[in-house]
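Note: the block below is upload36.csv and it holds CSV, C-alpha atoms.
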```csv
chain,number,residue,atom,x,y,z
Q,1,MET,CA,0.8,3.2,-21.8
Q,2,ALA,CA,-0.7,0.3,-19.9
Q,3,GLU,CA,1.9,-2.1,-18.5
Q,4,SER,CA,0.2,-5.1,-17.1
Q,5,ALA,CA,-2.2,-7.5,-18.8
Q,6,ARG,CA,-5.0,-6.3,-16.5
Q,7,GLN,CA,-4.3,-2.6,-17.4
Q,8,LYS,CA,-4.4,-3.5,-21.1
Q,9,ARG,CA,-7.7,-5.3,-20.7
Q,10,ILE,CA,-9.2,-2.3,-18.9
Q,11,THR,CA,-7.9,0.1,-21.5
Q,12,GLY,CA,-9.4,-2.1,-24.2
Q,13,ARG,CA,-12.8,-2.3,-22.5
Q,14,VAL,CA,-12.9,1.5,-22.1
Q,15,MET,CA,-12.1,2.1,-25.7
Q,16,HIS,CA,-14.7,-0.5,-26.7
Q,17,GLU,CA,-17.3,1.4,-24.6
Q,18,PHE,CA,-16.2,4.7,-26.4
Q,19,LYS,CA,-16.5,3.1,-29.8
Q,20,HIS,CA,-20.1,1.9,-29.0
Q,21,GLY,CA,-21.1,5.2,-27.4
Q,22,GLU,CA,-21.4,3.7,-23.9
Q,23,LEU,CA,-18.5,5.7,-22.3
Q,24,LYS,CA,-19.8,8.6,-20.2
Q,25,SER,CA,-17.9,11.5,-18.7
Q,26,GLY,CA,-18.3,13.2,-15.4
Q,27,PRO,CA,-19.4,11.8,-12.0
Q,28,GLY,CA,-21.9,9.0,-12.4
Q,29,GLY,CA,-21.8,9.5,-16.2
Q,30,LYS,CA,-23.9,12.7,-15.9
Q,31,GLY,CA,-21.6,14.6,-18.4
Q,32,GLY,CA,-23.1,12.6,-21.3
Q,33,PRO,CA,-21.3,10.4,-23.8
Q,34,VAL,CA,-17.6,11.0,-24.6
Q,35,LYS,CA,-17.2,12.2,-28.1
Q,36,SER,CA,-13.4,12.9,-28.2
Q,37,ARG,CA,-11.0,10.0,-28.8
Q,38,LYS,CA,-8.3,11.8,-26.7
Q,39,GLN,CA,-10.7,12.1,-23.8
Q,40,ALA,CA,-11.5,8.4,-24.1
Q,41,ILE,CA,-7.8,7.6,-24.0
Q,42,ALA,CA,-7.4,9.8,-20.9
Q,43,ILE,CA,-10.3,8.0,-19.2
Q,44,ALA,CA,-8.9,4.6,-20.2
Q,45,LEU,CA,-5.5,5.4,-18.7
Q,46,GLU,CA,-7.0,6.8,-15.6
Q,47,GLU,CA,-9.2,3.8,-15.0
Q,48,ALA,CA,-6.2,1.5,-15.7
Q,49,GLY,CA,-4.2,3.4,-13.1
Q,50,ASP,CA,-1.6,4.4,-15.6
Q,51,SER,CA,-2.1,8.1,-16.0
Q,52,LYS,CA,1.0,10.2,-16.1
Q,53,TYR,CA,-0.9,13.1,-14.6
Q,54,GLU,CA,-1.7,11.3,-11.4
Q,55,SER,CA,0.5,10.3,-8.5
Q,56,GLU,CA,1.5,6.6,-7.9
Q,57,LYS,CA,-0.9,6.4,-4.9
Q,58,ARG,CA,-3.8,7.9,-6.9
Q,59,ASN,CA,-3.1,5.5,-9.8
Q,60,LYS,CA,-3.3,2.5,-7.5
Q,61,ARG,CA,-6.5,3.8,-6.0
Q,62,ASN,CA,-8.0,4.3,-9.5
Q,63,LEU,CA,-7.0,0.8,-10.6
Q,64,ARG,CA,-8.5,-0.7,-7.4
Q,65,ARG,CA,-11.8,1.2,-8.0
Q,66,THR,CA,-12.0,0.0,-11.6
Q,67,GLN,CA,-11.4,-3.6,-10.5
Q,68,ASN,CA,-14.3,-3.3,-8.0
Q,69,LYS,CA,-16.5,-1.7,-10.6
Q,70,GLU,CA,-15.8,-4.6,-13.0
Q,71,ALA,CA,-16.3,-7.2,-10.3
Q,72,GLU,CA,-19.7,-5.7,-9.4
Q,73,GLY,CA,-20.8,-5.5,-13.0
Q,74,GLU,CA,-21.1,-1.8,-13.1
Q,75,THR,CA,-19.2,-1.0,-16.4
Q,76,GLY,CA,-21.2,0.4,-19.4
Q,77,GLN,CA,-20.3,-2.7,-21.4
Q,78,GLN,CA,-21.5,-5.1,-18.7
Q,79,GLU,CA,-24.7,-3.2,-18.3
Q,80,ARG,CA,-25.4,-3.3,-22.1
Q,81,GLU,CA,-24.5,-7.0,-22.5
Q,82,GLY,CA,-26.6,-8.0,-19.5
Q,83,LYS,CA,-23.7,-9.4,-17.6
Q,84,SER,CA,-24.6,-7.6,-14.4
Q,85,ARG,CA,-27.4,-8.7,-12.2
Q,86,VAL,CA,-28.8,-7.9,-8.8
Q,87,GLY,CA,-28.4,-10.6,-6.3
Q,88,ALA,CA,-30.2,-11.4,-3.1
Q,89,SER,CA,-28.4,-8.8,-1.1
Q,90,GLY,CA,-29.5,-6.1,-3.5
Q,91,LYS,CA,-25.9,-5.4,-4.7
Q,92,ARG,CA,-24.7,-6.2,-8.1
Q,93,GLU,CA,-22.9,-9.5,-8.6
Q,94,SER,CA,-20.8,-10.8,-11.4
Q,95,THR,CA,-20.9,-14.3,-12.9
Q,96,ARG,CA,-18.0,-16.7,-12.5
Q,97,SER,CA,-17.1,-16.3,-16.1
Q,98,MET,CA,-16.6,-12.6,-15.7
Q,99,GLY,CA,-14.1,-13.2,-12.9
Q,100,GLY,CA,-16.1,-11.2,-10.4
Q,101,LYS,CA,-16.8,-11.6,-6.7
Q,102,ASP,CA,-18.4,-15.0,-7.1
Q,103,ALA,CA,-15.4,-16.4,-8.9
Q,104,ARG,CA,-13.3,-16.0,-5.7
Q,105,LYS,CA,-15.4,-18.6,-3.8
Q,106,PRO,CA,-13.4,-21.9,-3.5
Q,107,THR,CA,-14.7,-24.9,-5.3
Q,108,ALA,CA,-15.5,-28.1,-3.4
Q,109,ARG,CA,-12.3,-29.6,-4.6
Q,110,GLY,CA,-10.3,-26.6,-3.4
Q,111,GLU,CA,-12.0,-26.6,0.0
Q,112,LYS,CA,-11.2,-30.3,0.5
Q,113,ALA,CA,-7.5,-29.7,-0.4
Q,114,ALA,CA,-7.4,-26.8,2.0
Q,115,ARG,CA,-8.8,-28.9,4.8
Q,116,SER,CA,-6.3,-31.7,4.2
Q,117,ARG,CA,-3.4,-29.2,4.2
Q,118,ALA,CA,-4.7,-27.6,7.4
Q,119,HIS,CA,-4.7,-31.0,9.2
Q,120,ALA,CA,-1.6,-32.6,7.7
Q,121,ALA,CA,0.2,-35.5,9.2
Q,122,ASP,CA,2.2,-33.2,11.6
Q,123,GLY,CA,-1.1,-32.6,13.4
Q,124,HIS,CA,-0.7,-28.8,13.7
Q,125,THR,CA,-3.3,-26.4,12.5
Q,126,ARG,CA,-2.4,-22.8,11.7
Q,127,GLU,CA,-4.1,-21.6,14.8
Q,128,GLU,CA,-2.0,-23.9,17.0
Q,129,LEU,CA,1.2,-22.7,15.3
Q,130,TYR,CA,0.1,-19.1,15.7
Q,131,ALA,CA,-0.5,-19.7,19.5
Q,132,GLN,CA,3.0,-21.1,19.8
Q,133,ALA,CA,4.5,-18.1,17.8
Q,134,GLN,CA,2.6,-15.8,20.1
Q,135,SER,CA,4.0,-17.3,23.2
Q,136,GLN,CA,7.5,-17.0,21.7
Q,137,HIS,CA,6.9,-13.4,20.7
Q,138,ILE,CA,7.7,-13.9,17.0
Q,139,LYS,CA,7.2,-10.7,15.0
Q,140,GLY,CA,5.0,-10.5,11.9
Q,141,ARG,CA,3.2,-13.7,12.9
Q,142,SER,CA,-0.3,-12.4,12.1
Q,143,LYS,CA,0.6,-12.1,8.4
Q,144,MET,CA,2.3,-15.5,8.2
Q,145,THR,CA,1.0,-18.6,6.4
Q,146,LYS,CA,1.0,-22.0,8.1
Q,147,ARG,CA,4.3,-22.9,6.3
Q,148,GLN,CA,5.9,-19.6,7.3
Q,149,LEU,CA,4.9,-20.2,10.9
Q,150,GLU,CA,6.4,-23.7,10.8
Q,151,ASN,CA,9.7,-22.3,9.5
Q,152,ALA,CA,9.7,-19.6,12.1
Q,153,LEU,CA,9.1,-22.1,14.9
Q,154,GLY,CA,11.6,-24.6,13.5
Q,155,ILE,CA,8.9,-27.3,13.0
Q,156,HIS,CA,9.3,-29.5,9.9
```
How does this structure look as structure tokens?
Amino acid sequence: MAESARQKRITGRVMHEFKHGELKSGPGGKGGPVKSRKQAIAIALEEAGDSKYESEKRNKRNLRRTQNKEAEGETGQQEREGKSRVGASGKRESTRSMGGKDARKPTARGEKAARSRAHAADGHTREELYAQAQSQHIKGRSKMTKRQLENALGIH
């Protein structure tokens, strides 16, 4: 069964949709509402990326797809509860309380903290450190954070 808290939440949401007749089968829900509890459980495990009939790679893909669906407010439950809305770009957006796309935007306080960390007392920005790492041919530099670059360059 579902292992992580996120997978448990997804499974619970799908079973909730089944209970309220919102869970649809087939591509785009064109197969009609799901009537079998066993089928609902199978759909829940597949959406949570925990199906024993799928490969590890396929399970990861299914979990990612479900997360995107929830972030964009495209689940049956969100549709019914009015928690999905169409934004200026024409795509669905989620509210902050749902933990969707909008929730990832940094707050004013977070932006200020990030700026102060970027220009700390040492005076080096990540870009400057990256340029030094590039000149010294340090491998893996593109994925390093500012702190990791400082450690790799021996700057403290």
Discussion item. One decimal, in Å: what's the spacing between atom CA of Q:Leu63 and atom CA of Q:Glu47?
Written reply: 5.8 Å
Fill in: Among the residues Q:Gly32, Q:Gly110, Q:Gln7, Q:Leu23, the one that comes closest to Q:Asn59 [using all atoms listed in the file]
Q:Gln7
Practice prompt. Starting from the point (2.4, -19.3, 5.9), work out which residues of protein, DNA or RNA have an atom no more than 12 Å away when counting all atoms listed in the file; state them as a list in words.
Written response: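 In the file's frame, the residues around the point are Arg117, Ala118, Thr125, Arg126, Glu127, Leu129, Tyr130, Gly140, Arg141, Ser142, Lys143, Met144, Thr145, Lys146, Arg147, Gln148, Leu149, Glu150, Asn151, Ala152 and Leu153 of chain Q.
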Worksheet entry | Interatomic distance, atom CA of Q:Lys24 to atom CA of Q:Glu74 (Å, one decimal) |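 Distance between the two atoms: 12.7 Å.
The residue set within 12 Å of stretch 13-16 of chain Q, counting all atoms listed in the file and dropping same-chain residues fewer than 6 places from it, reads Q:Arg6, Q:Gln7, Q:Glu22, Q:Leu23, Q:Lys24, Q:Ser25, Q:Val34, Q:Lys35, Q:Ser36, Q:Arg37, Q:Lys38, Q:Gln39, Q:Ala40, Q:Ile41, Q:Ala42, Q:Ile43, Q:Ala44, Q:Leu45, Q:Glu46, Q:Glu47, Q:Ala48, Q:Thr66, Q:Glu70, Q:Thr75, Q:Gly76, Q:Gln77, Q:Gln78, Q:Arg80.
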